[in-house]
file query.txt (compact mmCIF, C-alpha atoms and all ligand atoms)
# COMPACT_ATOMS: atom_id res chain seq x y z
CA MET A 1 -20.81 14.32 12.65
CA THR A 2 -19.96 14.12 8.95
CA ASP A 3 -19.83 10.82 7.06
CA GLN A 4 -16.04 11.15 6.89
CA GLU A 5 -15.76 11.71 10.66
CA ARG A 6 -17.98 8.73 11.37
CA PHE A 7 -15.99 6.55 8.95
CA ARG A 8 -12.72 7.53 10.66
CA GLN A 9 -14.23 6.85 14.06
CA VAL A 10 -15.55 3.45 12.97
CA MET A 11 -12.28 2.42 11.28
CA GLY A 12 -10.46 3.48 14.45
CA HIS A 13 -12.04 0.45 16.10
CA PHE A 14 -10.14 -1.85 13.76
CA ALA A 15 -6.87 -2.28 15.65
CA THR A 16 -3.79 -2.41 13.42
CA GLY A 17 -0.06 -2.77 13.69
CA VAL A 18 2.15 0.17 12.82
CA ALA A 19 4.71 0.19 10.00
CA VAL A 20 7.24 2.63 8.62
CA VAL A 21 7.17 2.70 4.82
CA THR A 22 10.60 3.57 3.47
CA GLY A 23 12.31 4.26 0.17
CA ARG A 24 14.82 6.55 -1.51
CA ASP A 25 14.49 9.64 -3.65
CA GLY A 26 16.34 10.28 -6.92
CA ASP A 27 19.46 11.42 -5.01
CA GLY A 28 19.48 8.24 -2.94
CA GLN A 29 18.28 10.09 0.18
CA THR A 30 16.19 8.08 2.60
CA LEU A 31 12.49 8.82 2.99
CA GLY A 32 9.85 7.21 5.14
CA PHE A 33 6.55 7.68 6.88
CA THR A 34 4.32 5.93 9.39
CA ALA A 35 1.51 3.79 7.95
CA ASN A 36 -1.16 1.43 9.22
CA ALA A 37 -3.01 0.86 5.92
CA VAL A 38 -0.99 -2.29 5.35
CA VAL A 39 -2.53 -5.56 4.16
CA SER A 40 -1.14 -8.98 3.36
CA VAL A 41 -2.50 -9.77 -0.15
CA SER A 42 -1.15 -12.94 -1.76
CA LEU A 43 1.15 -15.92 -1.15
CA ASP A 44 1.70 -16.75 -4.83
CA PRO A 45 3.25 -14.41 -5.70
CA LEU A 46 4.09 -12.82 -2.33
CA LEU A 47 2.22 -9.53 -2.33
CA VAL A 48 1.65 -6.86 0.31
CA LEU A 49 -0.33 -3.64 -0.03
CA VAL A 50 0.13 -0.20 1.48
CA GLY A 51 -2.35 2.63 0.96
CA VAL A 52 -0.54 5.94 0.42
CA ASP A 53 -2.22 9.33 0.60
CA HIS A 54 -1.80 11.30 -2.63
CA ALA A 55 -0.78 14.18 -0.32
CA SER A 56 2.27 12.22 0.89
CA SER A 57 5.47 13.98 -0.15
CA SER A 58 7.16 10.55 -0.33
CA LEU A 59 4.80 9.15 -2.94
CA PRO A 60 6.39 10.55 -6.14
CA ALA A 61 9.81 9.15 -5.17
CA LEU A 62 8.35 5.77 -4.23
CA ARG A 63 6.63 5.54 -7.61
CA GLU A 64 9.73 6.72 -9.43
CA SER A 65 12.08 4.25 -7.75
CA GLY A 66 9.62 1.36 -7.94
CA VAL A 67 10.71 -0.08 -4.59
CA PHE A 68 9.78 0.28 -0.93
CA ALA A 69 10.29 -1.47 2.38
CA LEU A 70 8.03 -1.96 5.39
CA SER A 71 9.41 -2.05 8.93
CA PHE A 72 6.93 -3.17 11.59
CA LEU A 73 7.32 -1.34 14.89
CA GLY A 74 7.49 -2.81 18.38
CA ALA A 75 5.73 -1.57 21.49
CA SER A 76 8.77 0.46 22.60
CA GLN A 77 8.92 2.36 19.27
CA LYS A 78 5.97 4.72 19.78
CA GLY A 79 8.40 7.61 19.45
CA LEU A 80 9.46 6.45 15.99
CA ALA A 81 5.81 6.12 14.91
CA ARG A 82 5.21 9.74 15.96
CA ARG A 83 8.44 10.97 14.43
CA PHE A 84 7.84 9.35 11.04
CA ALA A 85 4.35 10.85 10.94
CA ALA A 86 5.21 14.39 11.90
CA GLU A 87 8.72 15.77 11.62
CA THR A 88 10.73 16.78 8.60
CA ARG A 89 12.24 14.08 6.43
CA ALA A 90 15.83 14.70 7.60
CA GLU A 91 14.92 14.44 11.28
CA ARG A 92 13.01 11.22 10.81
CA PHE A 93 16.10 9.07 10.28
CA ALA A 94 18.36 10.92 12.76
CA GLY A 95 20.04 8.31 14.97
CA VAL A 96 17.96 5.47 13.51
CA PRO A 97 20.12 2.49 12.43
CA ILE A 98 19.20 1.26 8.96
CA ARG A 99 20.40 -1.38 6.55
CA THR A 100 19.46 -2.52 3.07
CA GLU A 101 18.60 -5.95 1.72
CA GLU A 102 17.76 -6.56 -1.95
CA THR A 103 16.10 -3.43 -3.35
CA GLY A 104 18.14 -0.72 -1.63
CA ALA A 105 15.14 0.61 0.30
CA PRO A 106 16.21 1.34 3.89
CA ILE A 107 15.03 -1.05 6.58
CA LEU A 108 14.90 0.01 10.22
CA GLU A 109 17.45 -2.21 11.93
CA GLU A 110 15.44 -2.40 15.15
CA ALA A 111 12.08 -3.25 13.55
CA LEU A 112 10.09 -6.23 14.79
CA ALA A 113 9.92 -7.59 11.25
CA TRP A 114 10.42 -6.23 7.73
CA LEU A 115 9.55 -6.70 4.05
CA ASP A 116 11.65 -5.53 1.10
CA CYS A 117 9.43 -4.98 -1.94
CA ARG A 118 9.34 -4.07 -5.60
CA VAL A 119 6.20 -2.27 -6.78
CA TRP A 120 4.07 -4.89 -8.56
CA LYS A 121 1.01 -2.76 -9.28
CA GLU A 122 -0.43 0.66 -8.48
CA VAL A 123 -4.18 1.01 -7.99
CA GLU A 124 -5.92 4.38 -7.78
CA ALA A 125 -8.37 4.48 -4.87
CA GLY A 126 -9.91 7.88 -4.18
CA ASP A 127 -7.49 10.17 -2.38
CA HIS A 128 -5.03 7.28 -1.87
CA LEU A 129 -2.87 5.21 -4.17
CA LEU A 130 -2.62 1.52 -3.32
CA LEU A 131 0.96 0.39 -3.78
CA ILE A 132 1.08 -3.39 -4.11
CA GLY A 133 4.57 -4.70 -3.59
CA GLU A 134 6.07 -8.04 -4.53
CA VAL A 135 8.15 -9.22 -1.60
CA GLU A 136 11.78 -9.83 -2.54
CA ARG A 137 12.92 -10.58 0.99
CA CYS A 138 11.40 -10.50 4.45
CA GLY A 139 12.47 -11.40 7.94
CA GLY A 140 12.36 -10.77 11.66
CA GLY A 141 9.52 -11.88 13.82
CA GLU A 142 11.25 -12.39 17.13
CA GLY A 143 11.45 -9.96 19.97
CA GLU A 144 9.14 -7.64 21.78
CA GLU A 145 5.39 -7.13 21.56
CA PRO A 146 3.98 -5.14 18.63
CA LEU A 147 2.99 -1.49 18.56
CA VAL A 148 -0.78 -1.31 18.03
CA PHE A 149 -2.89 1.64 16.83
CA TYR A 150 -6.45 1.69 18.15
CA ARG A 151 -8.99 4.53 18.35
CA GLY A 152 -6.33 7.11 17.55
CA ALA A 153 -3.90 5.99 20.25
CA TYR A 154 -0.88 3.72 20.59
CA GLY A 155 -0.85 0.64 22.77
CA THR A 156 0.18 -2.98 22.56
CA VAL A 157 -1.34 -6.39 22.75
CA CYS A 158 -0.22 -9.67 24.24
CA PRO A 159 -2.38 -12.49 22.80
C1 LIG B 201 -0.77 5.70 13.09
C2 LIG B 201 -0.63 6.38 11.74
C3 LIG B 201 -0.93 5.68 10.59
C4 LIG B 201 -0.81 6.28 9.34
N1 LIG B 201 -1.10 5.56 8.23
C5 LIG B 201 -0.90 6.10 7.01
C6 LIG B 201 -1.11 5.31 5.85
O1 LIG B 201 -1.44 4.12 5.91
N2 LIG B 201 -0.91 5.90 4.63
C7 LIG B 201 -0.52 7.21 4.52
O2 LIG B 201 -0.35 7.68 3.38
N3 LIG B 201 -0.30 7.99 5.61
C8 LIG B 201 -0.48 7.45 6.86
N4 LIG B 201 -0.24 8.19 7.97
C9 LIG B 201 0.14 9.61 7.82
C10 LIG B 201 1.62 9.80 7.43
O3 LIG B 201 2.48 9.13 8.34
C11 LIG B 201 1.95 11.31 7.48
O4 LIG B 201 1.04 12.02 6.70
C12 LIG B 201 3.37 11.60 7.05
O5 LIG B 201 3.71 12.91 7.46
C13 LIG B 201 3.56 11.51 5.53
O6 LIG B 201 4.90 11.83 5.28
P1 LIG B 201 5.42 12.34 3.85
O7 LIG B 201 4.54 13.50 3.43
O8 LIG B 201 6.86 12.74 4.11
O9 LIG B 201 5.31 11.18 2.92
C14 LIG B 201 -0.36 7.62 9.24
C15 LIG B 201 -0.04 8.33 10.41
C16 LIG B 201 -0.19 7.72 11.64
C17 LIG B 201 0.19 8.49 12.89
call {"tool": "encode", "arguments": {"input": "query.txt", "output": "structure tokens", "more": "lines below"}}
Ligand SMILES: Cc1cc2nc3c(=O)[nH]c(=O)nc-3n(C[C@H](O)[C@H](O)[C@H](O)COP(=O)(O)O)c2cc1C
result
Amino acid sequence: MTDQERFRQVMGHFATGVAVVTGRDGDGQTLGFTANAVVSVSLDPLLVLVGVDHASSSLPALRESGVFALSFLGASQKGLARRFAAETRAERFAGVPIRTEETGAPILEEALAWLDCRVWKEVEAGDHLLLIGEVERCGGGEGEEPLVFYRGAYGTVCP
């Protein structure tokens, strides 16, 4: 096993929630992808971090627009997690109700909870770029159990 394989396997034991990172390109078209490298960073100011692969086709538009949103998925939204990780950009939003709050980044209407952010800082980190967002608005928090990613598979948790 290579060091990278072992690292992935070890990190797979750190259970996370699942988010969809969203934004808009220069034409105003929606873009989004599944992410679990999401960390709460600061309360003053309100900051949240998402690690984005430099290979992500969404990254240039996110950097250009300077805004993004995070929609946290519920246990019943496994299909959306798969779709936003795999299919083409147009298919990702097909039939998915969205709305906007402050920044114009699309928010998945049926998310468990959401954050609407303006990019506060970008930090280079190996093959990823850490996008730190200042939270302009956030909400949600009621409803079903969360979608959880653990050892490469989806599940849920009921503490
Ligand atoms: C559970 C899960 C978590 C993921 N987490 C991240 C992440 O934190 N950052 C990232 O850049 N890609 C992550 N990905 C991969 C992206 O969702 C995937 O590469 C996507 O196709 C990128 O879309 P884009 O090229 O249109 O931006 C994750 C995928 C899955 C299934």
call {"tool": "closest_residue", "arguments": {"input": "query.txt", "among": "A:Phe14, A:Trp114, A:Phe93, A:Trp120", "to": "A:Arg63", "atoms": "all atoms listed in the file"}}
result
A:Trp120
call {"tool": "residues_around", "arguments": {"input": "query.txt", "residues": "stretch 131-143 of chain A", "least_positions_apart": "4", "cutoff": "8 Å", "atoms": "all atoms listed in the file", "output": "list in words"}}
result
Pro45, Leu46, Leu47, Val48, Leu49, Val50, Gly51, Val52, Val67, Phe68, Glu101, Glu102, Thr103, Ala111, Leu112, Ala113, Trp114, Leu115, Asp116, Cys117, Arg118, Val119, Trp120, Lys121, Glu122 and Val123 of chain A
call {"tool": "write_last_selection", "arguments": {"input": "query.txt", "atoms": "C-alpha atoms", "output": "mmCIF file, in the frame of the given file"}}
result
data_model
loop_
_atom_site.group_PDB
_atom_site.id
_atom_site.type_symbol
_atom_site.label_atom_id
_atom_site.label_comp_id
_atom_site.auth_asym_id
_atom_site.auth_seq_id
_atom_site.Cartn_x
_atom_site.Cartn_y
_atom_site.Cartn_z
ATOM 1 C CA PRO A 45 3.250 -14.410 -5.700
ATOM 2 C CA LEU A 46 4.090 -12.820 -2.330
ATOM 3 C CA LEU A 47 2.220 -9.530 -2.330
ATOM 4 C CA VAL A 48 1.650 -6.860 0.310
ATOM 5 C CA LEU A 49 -0.330 -3.640 -0.030
ATOM 6 C CA VAL A 50 0.130 -0.200 1.480
ATOM 7 C CA GLY A 51 -2.350 2.630 0.960
ATOM 8 C CA VAL A 52 -0.540 5.940 0.420
ATOM 9 C CA VAL A 67 10.710 -0.080 -4.590
ATOM 10 C CA PHE A 68 9.780 0.280 -0.930
ATOM 11 C CA GLU A 101 18.600 -5.950 1.720
ATOM 12 C CA GLU A 102 17.760 -6.560 -1.950
ATOM 13 C CA THR A 103 16.100 -3.430 -3.350
ATOM 14 C CA ALA A 111 12.080 -3.250 13.550
ATOM 15 C CA LEU A 112 10.090 -6.230 14.790
ATOM 16 C CA ALA A 113 9.920 -7.590 11.250
ATOM 17 C CA TRP A 114 10.420 -6.230 7.730
ATOM 18 C CA LEU A 115 9.550 -6.700 4.050
ATOM 19 C CA ASP A 116 11.650 -5.530 1.100
ATOM 20 C CA CYS A 117 9.430 -4.980 -1.940
ATOM 21 C CA ARG A 118 9.340 -4.070 -5.600
ATOM 22 C CA VAL A 119 6.200 -2.270 -6.780
ATOM 23 C CA TRP A 120 4.070 -4.890 -8.560
ATOM 24 C CA LYS A 121 1.010 -2.760 -9.280
ATOM 25 C CA GLU A 122 -0.430 0.660 -8.480
ATOM 26 C CA VAL A 123 -4.180 1.010 -7.990
#
call {"tool": "residues_near_ligand", "arguments": {"input": "query.txt", "ligand": "ligand LIG 201 (chain B)", "cutoff": "7 Å", "atoms": "only C-alpha atoms and all ligand atoms", "output": "number ranges by chain"}}
result
A: 18, 31-38, 50-53, 55-59, 81-82, 84-86, 89, 149
call {"tool": "closest_residue", "arguments": {"input": "query.txt", "among": "A:Val96, A:Ala75, A:Leu80, A:Leu70", "to": "A:Thr156", "atoms": "all atoms listed in the file"}}
result
A:Ala75
call {"tool": "atom_distance", "arguments": {"input": "query.txt", "atom1": "atom CA of A:Gly26", "atom2": "atom CA of A:Thr88"}}
result
17.7 Å
call {"tool": "closest_residue", "arguments": {"input": "query.txt", "among": "A:Gly17, A:Pro106, A:Glu145, A:Arg151", "to": "A:Phe72", "atoms": "all atoms listed in the file"}}
result
A:Gly17
call {"tool": "atom_distance", "arguments": {"input": "query.txt", "atom1": "atom CA of A:Asp25", "atom2": "atom CA of A:Ala61"}}
result
4.9 Å
call {"tool": "axis_aligned_box", "arguments": {"input": "query.txt", "around": "stretch 139-154 of chain A", "padding_each_side": "8 Å", "output": "JSON"}}
result
{"center_x": 1.7, "center_y": -2.6, "center_z": 14.9, "size_x": 37.5, "size_y": 35.5, "size_z": 29.8}
call {"tool": "residues_around", "arguments": {"input": "query.txt", "residues": "A:Ile107", "least_positions_apart": "6", "cutoff": "7 Å", "atoms": "all atoms listed in the file", "output": "PyMOL selection string"}}
result
chain A and resi 69+71+98-100
call {"tool": "atom_distance", "arguments": {"input": "query.txt", "atom1": "atom CA of A:Ala105", "atom2": "atom CA of A:Gly66"}}
result
9.9 Å
